[in-house]
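Undergrad: So here's final_14.cif (mmCIF, N, CA and C atoms; chains and numbers go by the auth columns).
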```
data_protein
#
loop_
_atom_site.group_PDB
_atom_site.id
_atom_site.type_symbol
_atom_site.label_atom_id
_atom_site.label_comp_id
_atom_site.label_asym_id
_atom_site.label_seq_id
_atom_site.Cartn_x
_atom_site.Cartn_y
_atom_site.Cartn_z
_atom_site.B_iso_or_equiv
_atom_site.auth_seq_id
_atom_site.auth_asym_id
ATOM 1 N N MET A 1 7.830 18.073 82.511 0.00 76 A
ATOM 2 C CA MET A 1 7.467 17.050 81.569 0.00 76 A
ATOM 3 C C MET A 1 7.870 15.658 82.064 0.00 76 A
ATOM 4 N N GLU A 2 8.872 15.592 82.897 0.00 77 A
ATOM 5 C CA GLU A 2 9.330 14.289 83.371 0.00 77 A
ATOM 6 C C GLU A 2 8.297 13.617 84.266 0.00 77 A
ATOM 7 N N ILE A 3 7.454 14.411 84.923 0.00 78 A
ATOM 8 C CA ILE A 3 6.489 13.817 85.838 0.00 78 A
ATOM 9 C C ILE A 3 5.204 13.409 85.136 0.00 78 A
ATOM 10 N N SER A 4 5.040 13.813 83.873 0.00 79 A
ATOM 11 C CA SER A 4 3.830 13.435 83.150 0.00 79 A
ATOM 12 C C SER A 4 3.928 11.988 82.682 0.00 79 A
ATOM 13 N N PRO A 5 2.796 11.292 82.638 0.00 80 A
ATOM 14 C CA PRO A 5 2.808 9.902 82.164 0.00 80 A
ATOM 15 C C PRO A 5 3.245 9.845 80.701 0.00 80 A
ATOM 16 N N ASP A 6 3.894 8.772 80.333 0.00 81 A
ATOM 17 C CA ASP A 6 4.430 8.652 78.975 0.00 81 A
ATOM 18 C C ASP A 6 3.341 8.720 77.907 0.00 81 A
ATOM 19 N N ASP A 7 2.186 8.147 78.189 0.00 82 A
ATOM 20 C CA ASP A 7 1.129 8.146 77.174 0.00 82 A
ATOM 21 C C ASP A 7 0.449 9.508 77.030 0.00 82 A
ATOM 22 N N ARG A 8 0.581 10.381 78.033 0.00 83 A
ATOM 23 C CA ARG A 8 -0.051 11.704 77.964 0.00 83 A
ATOM 24 C C ARG A 8 0.939 12.829 77.710 0.00 83 A
ATOM 25 N N ARG A 9 2.191 12.520 77.570 0.00 84 A
ATOM 26 C CA ARG A 9 3.212 13.553 77.384 0.00 84 A
ATOM 27 C C ARG A 9 2.969 14.419 76.147 0.00 84 A
ATOM 28 N N PRO A 10 2.586 13.856 74.993 0.00 85 A
ATOM 29 C CA PRO A 10 2.306 14.722 73.839 0.00 85 A
ATOM 30 C C PRO A 10 1.149 15.692 74.088 0.00 85 A
ATOM 31 N N ALA A 11 0.134 15.233 74.796 0.00 86 A
ATOM 32 C CA ALA A 11 -0.998 16.113 75.091 0.00 86 A
ATOM 33 C C ALA A 11 -0.576 17.234 76.032 0.00 86 A
ATOM 34 N N TYR A 12 0.216 16.898 77.058 0.00 87 A
ATOM 35 C CA TYR A 12 0.681 17.932 77.982 0.00 87 A
ATOM 36 C C TYR A 12 1.556 18.950 77.267 0.00 87 A
ATOM 37 N N SER A 13 2.382 18.480 76.367 0.00 88 A
ATOM 38 C CA SER A 13 3.238 19.379 75.598 0.00 88 A
ATOM 39 C C SER A 13 2.388 20.298 74.723 0.00 88 A
ATOM 40 N N ALA A 14 1.350 19.755 74.113 0.00 89 A
ATOM 41 C CA ALA A 14 0.469 20.573 73.278 0.00 89 A
ATOM 42 C C ALA A 14 -0.281 21.608 74.114 0.00 89 A
ATOM 43 N N TYR A 15 -0.750 21.212 75.295 0.00 90 A
ATOM 44 C CA TYR A 15 -1.437 22.176 76.163 0.00 90 A
ATOM 45 C C TYR A 15 -0.502 23.309 76.563 0.00 90 A
ATOM 46 N N PHE A 16 0.719 22.958 76.931 0.00 91 A
ATOM 47 C CA PHE A 16 1.678 23.975 77.343 0.00 91 A
ATOM 48 C C PHE A 16 1.973 24.928 76.193 0.00 91 A
ATOM 49 N N ASN A 17 2.191 24.399 75.010 0.00 92 A
ATOM 50 C CA ASN A 17 2.484 25.249 73.858 0.00 92 A
ATOM 51 C C ASN A 17 1.295 26.134 73.509 0.00 92 A
ATOM 52 N N ALA A 18 0.099 25.602 73.625 0.00 93 A
ATOM 53 C CA ALA A 18 -1.087 26.399 73.322 0.00 93 A
ATOM 54 C C ALA A 18 -1.269 27.536 74.321 0.00 93 A
ATOM 55 N N LEU A 19 -0.877 27.308 75.568 0.00 94 A
ATOM 56 C CA LEU A 19 -1.013 28.357 76.571 0.00 94 A
ATOM 57 C C LEU A 19 0.146 29.341 76.548 0.00 94 A
ATOM 58 N N ALA A 20 1.328 28.893 76.187 0.00 95 A
ATOM 59 C CA ALA A 20 2.503 29.752 76.210 0.00 95 A
ATOM 60 C C ALA A 20 2.615 30.618 74.953 0.00 95 A
ATOM 61 N N PHE A 21 2.074 30.168 73.837 0.00 96 A
ATOM 62 C CA PHE A 21 2.224 30.916 72.596 0.00 96 A
ATOM 63 C C PHE A 21 1.604 32.311 72.646 0.00 96 A
ATOM 64 N N PRO A 22 0.366 32.489 73.120 0.00 97 A
ATOM 65 C CA PRO A 22 -0.190 33.854 73.157 0.00 97 A
ATOM 66 C C PRO A 22 0.614 34.803 74.049 0.00 97 A
ATOM 67 N N ALA A 23 1.139 34.302 75.152 0.00 98 A
ATOM 68 C CA ALA A 23 1.941 35.161 76.032 0.00 98 A
ATOM 69 C C ALA A 23 3.216 35.601 75.341 0.00 98 A
ATOM 70 N N ALA A 24 3.878 34.696 74.650 0.00 99 A
ATOM 71 C CA ALA A 24 5.107 35.054 73.939 0.00 99 A
ATOM 72 C C ALA A 24 4.809 36.008 72.794 0.00 99 A
ATOM 73 N N LEU A 25 3.733 35.776 72.079 0.00 100 A
ATOM 74 C CA LEU A 25 3.365 36.653 70.975 0.00 100 A
ATOM 75 C C LEU A 25 3.016 38.045 71.483 0.00 100 A
ATOM 76 N N LEU A 26 2.323 38.124 72.588 0.00 101 A
ATOM 77 C CA LEU A 26 1.973 39.417 73.159 0.00 101 A
ATOM 78 C C LEU A 26 3.219 40.195 73.565 0.00 101 A
ATOM 79 N N LEU A 27 4.188 39.510 74.152 0.00 102 A
ATOM 80 C CA LEU A 27 5.432 40.188 74.524 0.00 102 A
ATOM 81 C C LEU A 27 6.165 40.718 73.301 0.00 102 A
ATOM 82 N N LEU A 28 6.198 39.951 72.231 0.00 103 A
ATOM 83 C CA LEU A 28 6.853 40.421 71.010 0.00 103 A
ATOM 84 C C LEU A 28 6.123 41.620 70.417 0.00 103 A
ATOM 85 N N LEU A 29 4.815 41.588 70.411 0.00 104 A
ATOM 86 C CA LEU A 29 4.048 42.720 69.890 0.00 104 A
ATOM 87 C C LEU A 29 4.250 43.968 70.741 0.00 104 A
ATOM 88 N N LEU A 30 4.284 43.815 72.056 0.00 105 A
ATOM 89 C CA LEU A 30 4.532 44.965 72.930 0.00 105 A
ATOM 90 C C LEU A 30 5.932 45.530 72.721 0.00 105 A
ATOM 91 N N LEU A 31 6.901 44.654 72.524 0.00 106 A
ATOM 92 C CA LEU A 31 8.265 45.109 72.264 0.00 106 A
ATOM 93 C C LEU A 31 8.339 45.907 70.975 0.00 106 A
ATOM 94 N N LEU A 32 7.699 45.419 69.923 0.00 107 A
ATOM 95 C CA LEU A 32 7.688 46.153 68.659 0.00 107 A
ATOM 96 C C LEU A 32 6.981 47.494 68.815 0.00 107 A
ATOM 97 N N LEU A 33 5.921 47.518 69.573 0.00 108 A
ATOM 98 C CA LEU A 33 5.190 48.759 69.803 0.00 108 A
ATOM 99 C C LEU A 33 6.053 49.766 70.549 0.00 108 A
ATOM 100 N N LEU A 34 6.731 49.305 71.586 0.00 109 A
ATOM 101 C CA LEU A 34 7.554 50.216 72.383 0.00 109 A
ATOM 102 C C LEU A 34 8.769 50.705 71.620 0.00 109 A
ATOM 103 N N LEU A 35 9.376 49.854 70.818 0.00 110 A
ATOM 104 C CA LEU A 35 10.550 50.277 70.049 0.00 110 A
ATOM 105 C C LEU A 35 10.181 51.249 68.941 0.00 110 A
ATOM 106 N N GLY A 36 9.024 51.091 68.373 0.00 111 A
ATOM 107 C CA GLY A 36 8.616 51.957 67.282 0.00 111 A
ATOM 108 C C GLY A 36 7.944 53.237 67.730 0.00 111 A
ATOM 109 N N ALA A 37 7.667 53.385 68.998 0.00 112 A
ATOM 110 C CA ALA A 37 6.882 54.522 69.465 0.00 112 A
ATOM 111 C C ALA A 37 7.722 55.731 69.827 0.00 112 A
ATOM 112 N N GLY A 38 9.020 55.595 70.073 0.00 113 A
ATOM 113 C CA GLY A 38 9.857 56.737 70.428 0.00 113 A
ATOM 114 C C GLY A 38 9.517 57.279 71.797 0.00 113 A
ATOM 115 N N PHE A 39 9.125 58.549 71.858 0.00 114 A
ATOM 116 C CA PHE A 39 8.823 59.213 73.124 0.00 114 A
ATOM 117 C C PHE A 39 7.628 58.585 73.817 0.00 114 A
ATOM 118 N N VAL A 40 6.696 58.085 73.037 0.00 115 A
ATOM 119 C CA VAL A 40 5.500 57.475 73.602 0.00 115 A
ATOM 120 C C VAL A 40 5.869 56.226 74.396 0.00 115 A
ATOM 121 N N ALA A 41 7.040 55.668 74.117 0.00 116 A
ATOM 122 C CA ALA A 41 7.463 54.459 74.824 0.00 116 A
ATOM 123 C C ALA A 41 7.566 54.699 76.326 0.00 116 A
ATOM 124 N N VAL A 42 7.992 55.872 76.728 0.00 117 A
ATOM 125 C CA VAL A 42 8.104 56.170 78.157 0.00 117 A
ATOM 126 C C VAL A 42 6.727 56.174 78.800 0.00 117 A
ATOM 127 N N ILE A 43 5.769 56.773 78.137 0.00 118 A
ATOM 128 C CA ILE A 43 4.408 56.806 78.652 0.00 118 A
ATOM 129 C C ILE A 43 3.818 55.399 78.628 0.00 118 A
ATOM 130 N N SER A 44 4.076 54.665 77.555 0.00 119 A
ATOM 131 C CA SER A 44 3.558 53.303 77.436 0.00 119 A
ATOM 132 C C SER A 44 4.159 52.388 78.488 0.00 119 A
ATOM 133 N N PHE A 45 5.414 52.650 78.841 0.00 120 A
ATOM 134 C CA PHE A 45 6.088 51.858 79.855 0.00 120 A
ATOM 135 C C PHE A 45 5.312 51.923 81.165 0.00 120 A
ATOM 136 N N HIS A 46 4.891 53.105 81.552 0.00 121 A
ATOM 137 C CA HIS A 46 4.109 53.258 82.770 0.00 121 A
ATOM 138 C C HIS A 46 2.709 52.664 82.601 0.00 121 A
ATOM 139 N N ALA A 47 2.153 52.791 81.420 0.00 122 A
ATOM 140 C CA ALA A 47 0.818 52.242 81.172 0.00 122 A
ATOM 141 C C ALA A 47 0.817 50.721 81.291 0.00 122 A
ATOM 142 N N VAL A 48 1.899 50.085 80.883 0.00 123 A
ATOM 143 C CA VAL A 48 1.996 48.631 80.994 0.00 123 A
ATOM 144 C C VAL A 48 1.975 48.211 82.459 0.00 123 A
ATOM 145 N N PHE A 49 2.680 48.941 83.315 0.00 124 A
ATOM 146 C CA PHE A 49 2.683 48.606 84.731 0.00 124 A
ATOM 147 C C PHE A 49 1.323 48.855 85.371 0.00 124 A
ATOM 148 N N VAL A 50 0.665 49.914 84.982 0.00 125 A
ATOM 149 C CA VAL A 50 -0.677 50.180 85.509 0.00 125 A
ATOM 150 C C VAL A 50 -1.635 49.075 85.071 0.00 125 A
ATOM 151 N N ALA A 51 -1.545 48.679 83.813 0.00 126 A
ATOM 152 C CA ALA A 51 -2.402 47.600 83.323 0.00 126 A
ATOM 153 C C ALA A 51 -2.098 46.292 84.055 0.00 126 A
ATOM 154 N N ALA A 52 -0.832 46.019 84.321 0.00 127 A
ATOM 155 C CA ALA A 52 -0.462 44.786 85.032 0.00 127 A
ATOM 156 C C ALA A 52 -1.007 44.792 86.455 0.00 127 A
ATOM 157 N N ILE A 53 -0.965 45.935 87.111 0.00 128 A
ATOM 158 C CA ILE A 53 -1.507 46.033 88.469 0.00 128 A
ATOM 159 C C ILE A 53 -3.015 45.818 88.463 0.00 128 A
ATOM 160 N N LEU A 54 -3.706 46.411 87.491 0.00 129 A
ATOM 161 C CA LEU A 54 -5.154 46.237 87.411 0.00 129 A
ATOM 162 C C LEU A 54 -5.527 44.789 87.132 0.00 129 A
ATOM 163 N N VAL A 55 -4.793 44.133 86.256 0.00 130 A
ATOM 164 C CA VAL A 55 -5.063 42.727 85.961 0.00 130 A
ATOM 165 C C VAL A 55 -4.775 41.861 87.180 0.00 130 A
ATOM 166 N N ALA A 56 -3.719 42.183 87.929 0.00 131 A
ATOM 167 C CA ALA A 56 -3.401 41.415 89.133 0.00 131 A
ATOM 168 C C ALA A 56 -4.515 41.563 90.178 0.00 131 A
ATOM 169 N N LEU A 57 -5.037 42.766 90.337 0.00 132 A
ATOM 170 C CA LEU A 57 -6.142 42.969 91.276 0.00 132 A
ATOM 171 C C LEU A 57 -7.390 42.217 90.831 0.00 132 A
ATOM 172 N N TRP A 58 -7.658 42.213 89.534 0.00 133 A
ATOM 173 C CA TRP A 58 -8.790 41.484 88.991 0.00 133 A
ATOM 174 C C TRP A 58 -8.617 39.990 89.249 0.00 133 A
ATOM 175 N N GLN A 59 -7.397 39.495 89.087 0.00 134 A
ATOM 176 C CA GLN A 59 -7.124 38.079 89.327 0.00 134 A
ATOM 177 C C GLN A 59 -7.337 37.715 90.801 0.00 134 A
ATOM 178 N N VAL A 60 -6.940 38.593 91.705 0.00 135 A
ATOM 179 C CA VAL A 60 -7.150 38.343 93.132 0.00 135 A
ATOM 180 C C VAL A 60 -8.639 38.276 93.433 0.00 135 A
ATOM 181 N N CYS A 61 -9.416 39.162 92.832 0.00 136 A
ATOM 182 C CA CYS A 61 -10.870 39.127 93.042 0.00 136 A
ATOM 183 C C CYS A 61 -11.468 37.830 92.526 0.00 136 A
ATOM 184 N N LEU A 62 -11.047 37.399 91.337 0.00 137 A
ATOM 185 C CA LEU A 62 -11.570 36.151 90.795 0.00 137 A
ATOM 186 C C LEU A 62 -11.185 34.956 91.654 0.00 137 A
ATOM 187 N N LEU A 63 -9.946 34.928 92.116 0.00 138 A
ATOM 188 C CA LEU A 63 -9.510 33.813 92.951 0.00 138 A
ATOM 189 C C LEU A 63 -10.247 33.779 94.280 0.00 138 A
ATOM 190 N N SER A 64 -10.542 34.944 94.832 0.00 139 A
ATOM 191 C CA SER A 64 -11.302 34.952 96.085 0.00 139 A
ATOM 192 C C SER A 64 -12.732 34.458 95.862 0.00 139 A
ATOM 193 N N ARG A 65 -13.317 34.797 94.728 0.00 140 A
ATOM 194 C CA ARG A 65 -14.657 34.304 94.416 0.00 140 A
ATOM 195 C C ARG A 65 -14.654 32.790 94.234 0.00 140 A
ATOM 196 N N ILE A 66 -13.640 32.297 93.528 0.00 141 A
ATOM 197 C CA ILE A 66 -13.556 30.851 93.307 0.00 141 A
ATOM 198 C C ILE A 66 -13.377 30.119 94.631 0.00 141 A
ATOM 199 N N SER A 67 -12.519 30.641 95.499 0.00 142 A
ATOM 200 C CA SER A 67 -12.308 29.967 96.788 0.00 142 A
ATOM 201 C C SER A 67 -13.576 30.002 97.626 0.00 142 A
ATOM 202 N N ARG A 68 -14.324 31.092 97.561 0.00 143 A
ATOM 203 C CA ARG A 68 -15.588 31.168 98.270 0.00 143 A
ATOM 204 C C ARG A 68 -16.587 30.137 97.747 0.00 143 A
ATOM 205 N N LEU A 69 -16.654 30.006 96.409 0.00 144 A
ATOM 206 C CA LEU A 69 -17.557 29.023 95.820 0.00 144 A
ATOM 207 C C LEU A 69 -17.158 27.609 96.206 0.00 144 A
ATOM 208 N N LEU A 70 -15.863 27.320 96.191 0.00 145 A
ATOM 209 C CA LEU A 70 -15.413 25.985 96.545 0.00 145 A
ATOM 210 C C LEU A 70 -15.660 25.677 98.009 0.00 145 A
ATOM 211 N N ARG A 71 -15.543 26.691 98.851 0.00 146 A
ATOM 212 C CA ARG A 71 -15.776 26.488 100.286 0.00 146 A
ATOM 213 C C ARG A 71 -17.245 26.143 100.542 0.00 146 A
ATOM 214 N N TYR A 72 -18.162 26.815 99.846 0.00 147 A
ATOM 215 C CA TYR A 72 -19.581 26.536 100.034 0.00 147 A
ATOM 216 C C TYR A 72 -20.024 25.256 99.340 0.00 147 A
ATOM 217 N N ALA A 73 -19.343 24.876 98.274 0.00 148 A
ATOM 218 C CA ALA A 73 -19.708 23.669 97.539 0.00 148 A
ATOM 219 C C ALA A 73 -19.212 22.403 98.223 0.00 148 A
ATOM 220 N N ALA A 74 -18.174 22.520 99.041 0.00 149 A
ATOM 221 C CA ALA A 74 -17.620 21.338 99.719 0.00 149 A
ATOM 222 C C ALA A 74 -18.602 20.861 100.790 0.00 149 A
ATOM 223 N N PRO A 75 -18.760 19.541 100.903 0.00 150 A
ATOM 224 C CA PRO A 75 -19.711 19.015 101.909 0.00 150 A
ATOM 225 C C PRO A 75 -19.200 19.159 103.314 0.00 150 A
#
```
So, in terms of structure tokens, how does the structure I just supplied come out?

TA:
Amino acid sequence: MEISPDDRRPAYSAYFNALAFPAALLLLLLLLLLLGAGFVAVISFHAVFVAAILVALWQVCLLSRISRLLRYAAP
């Protein structure tokens, strides 16, 4: 926040809060799900890691596509 211009600091703070809130809410919901699930929590624990790996692979594919598009779009 210190590097943001003084006139845009409220907007940057709002953008950060808007992006950080869903991630924090999702973590709280997952925690409640895992605590309330009992034995299923062990299975869910592994499912969370599998889902994270799949999302990471999807993100790598998207980033490679974006870099390819930017490379061809550059003059």

Undergrad: So the first atom is atom CA of A:Val130 and the second is atom CA of A:Ala86; what is the distance between them in Å, to one decimal place?

TA: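 If I compute the distance from atom CA of A:Val130 to atom CA of A:Ala86, I get 29.0 Å.
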
Undergrad: Provide the atom CA of A:Phe120 to atom C of A:Leu103 distance in Å, to one decimal place.

TA: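 Computing the Euclidean distance for atom CA of A:Phe120 and atom C of A:Leu103 yields 13.9 Å.
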
Undergrad: Please measure the separation of atom C of A:Val123 and atom C of A:Leu94, giving the value in Å to one decimal.

TA: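 Pair atom C of A:Val123 / atom C of A:Leu94 returns 19.9 Å.
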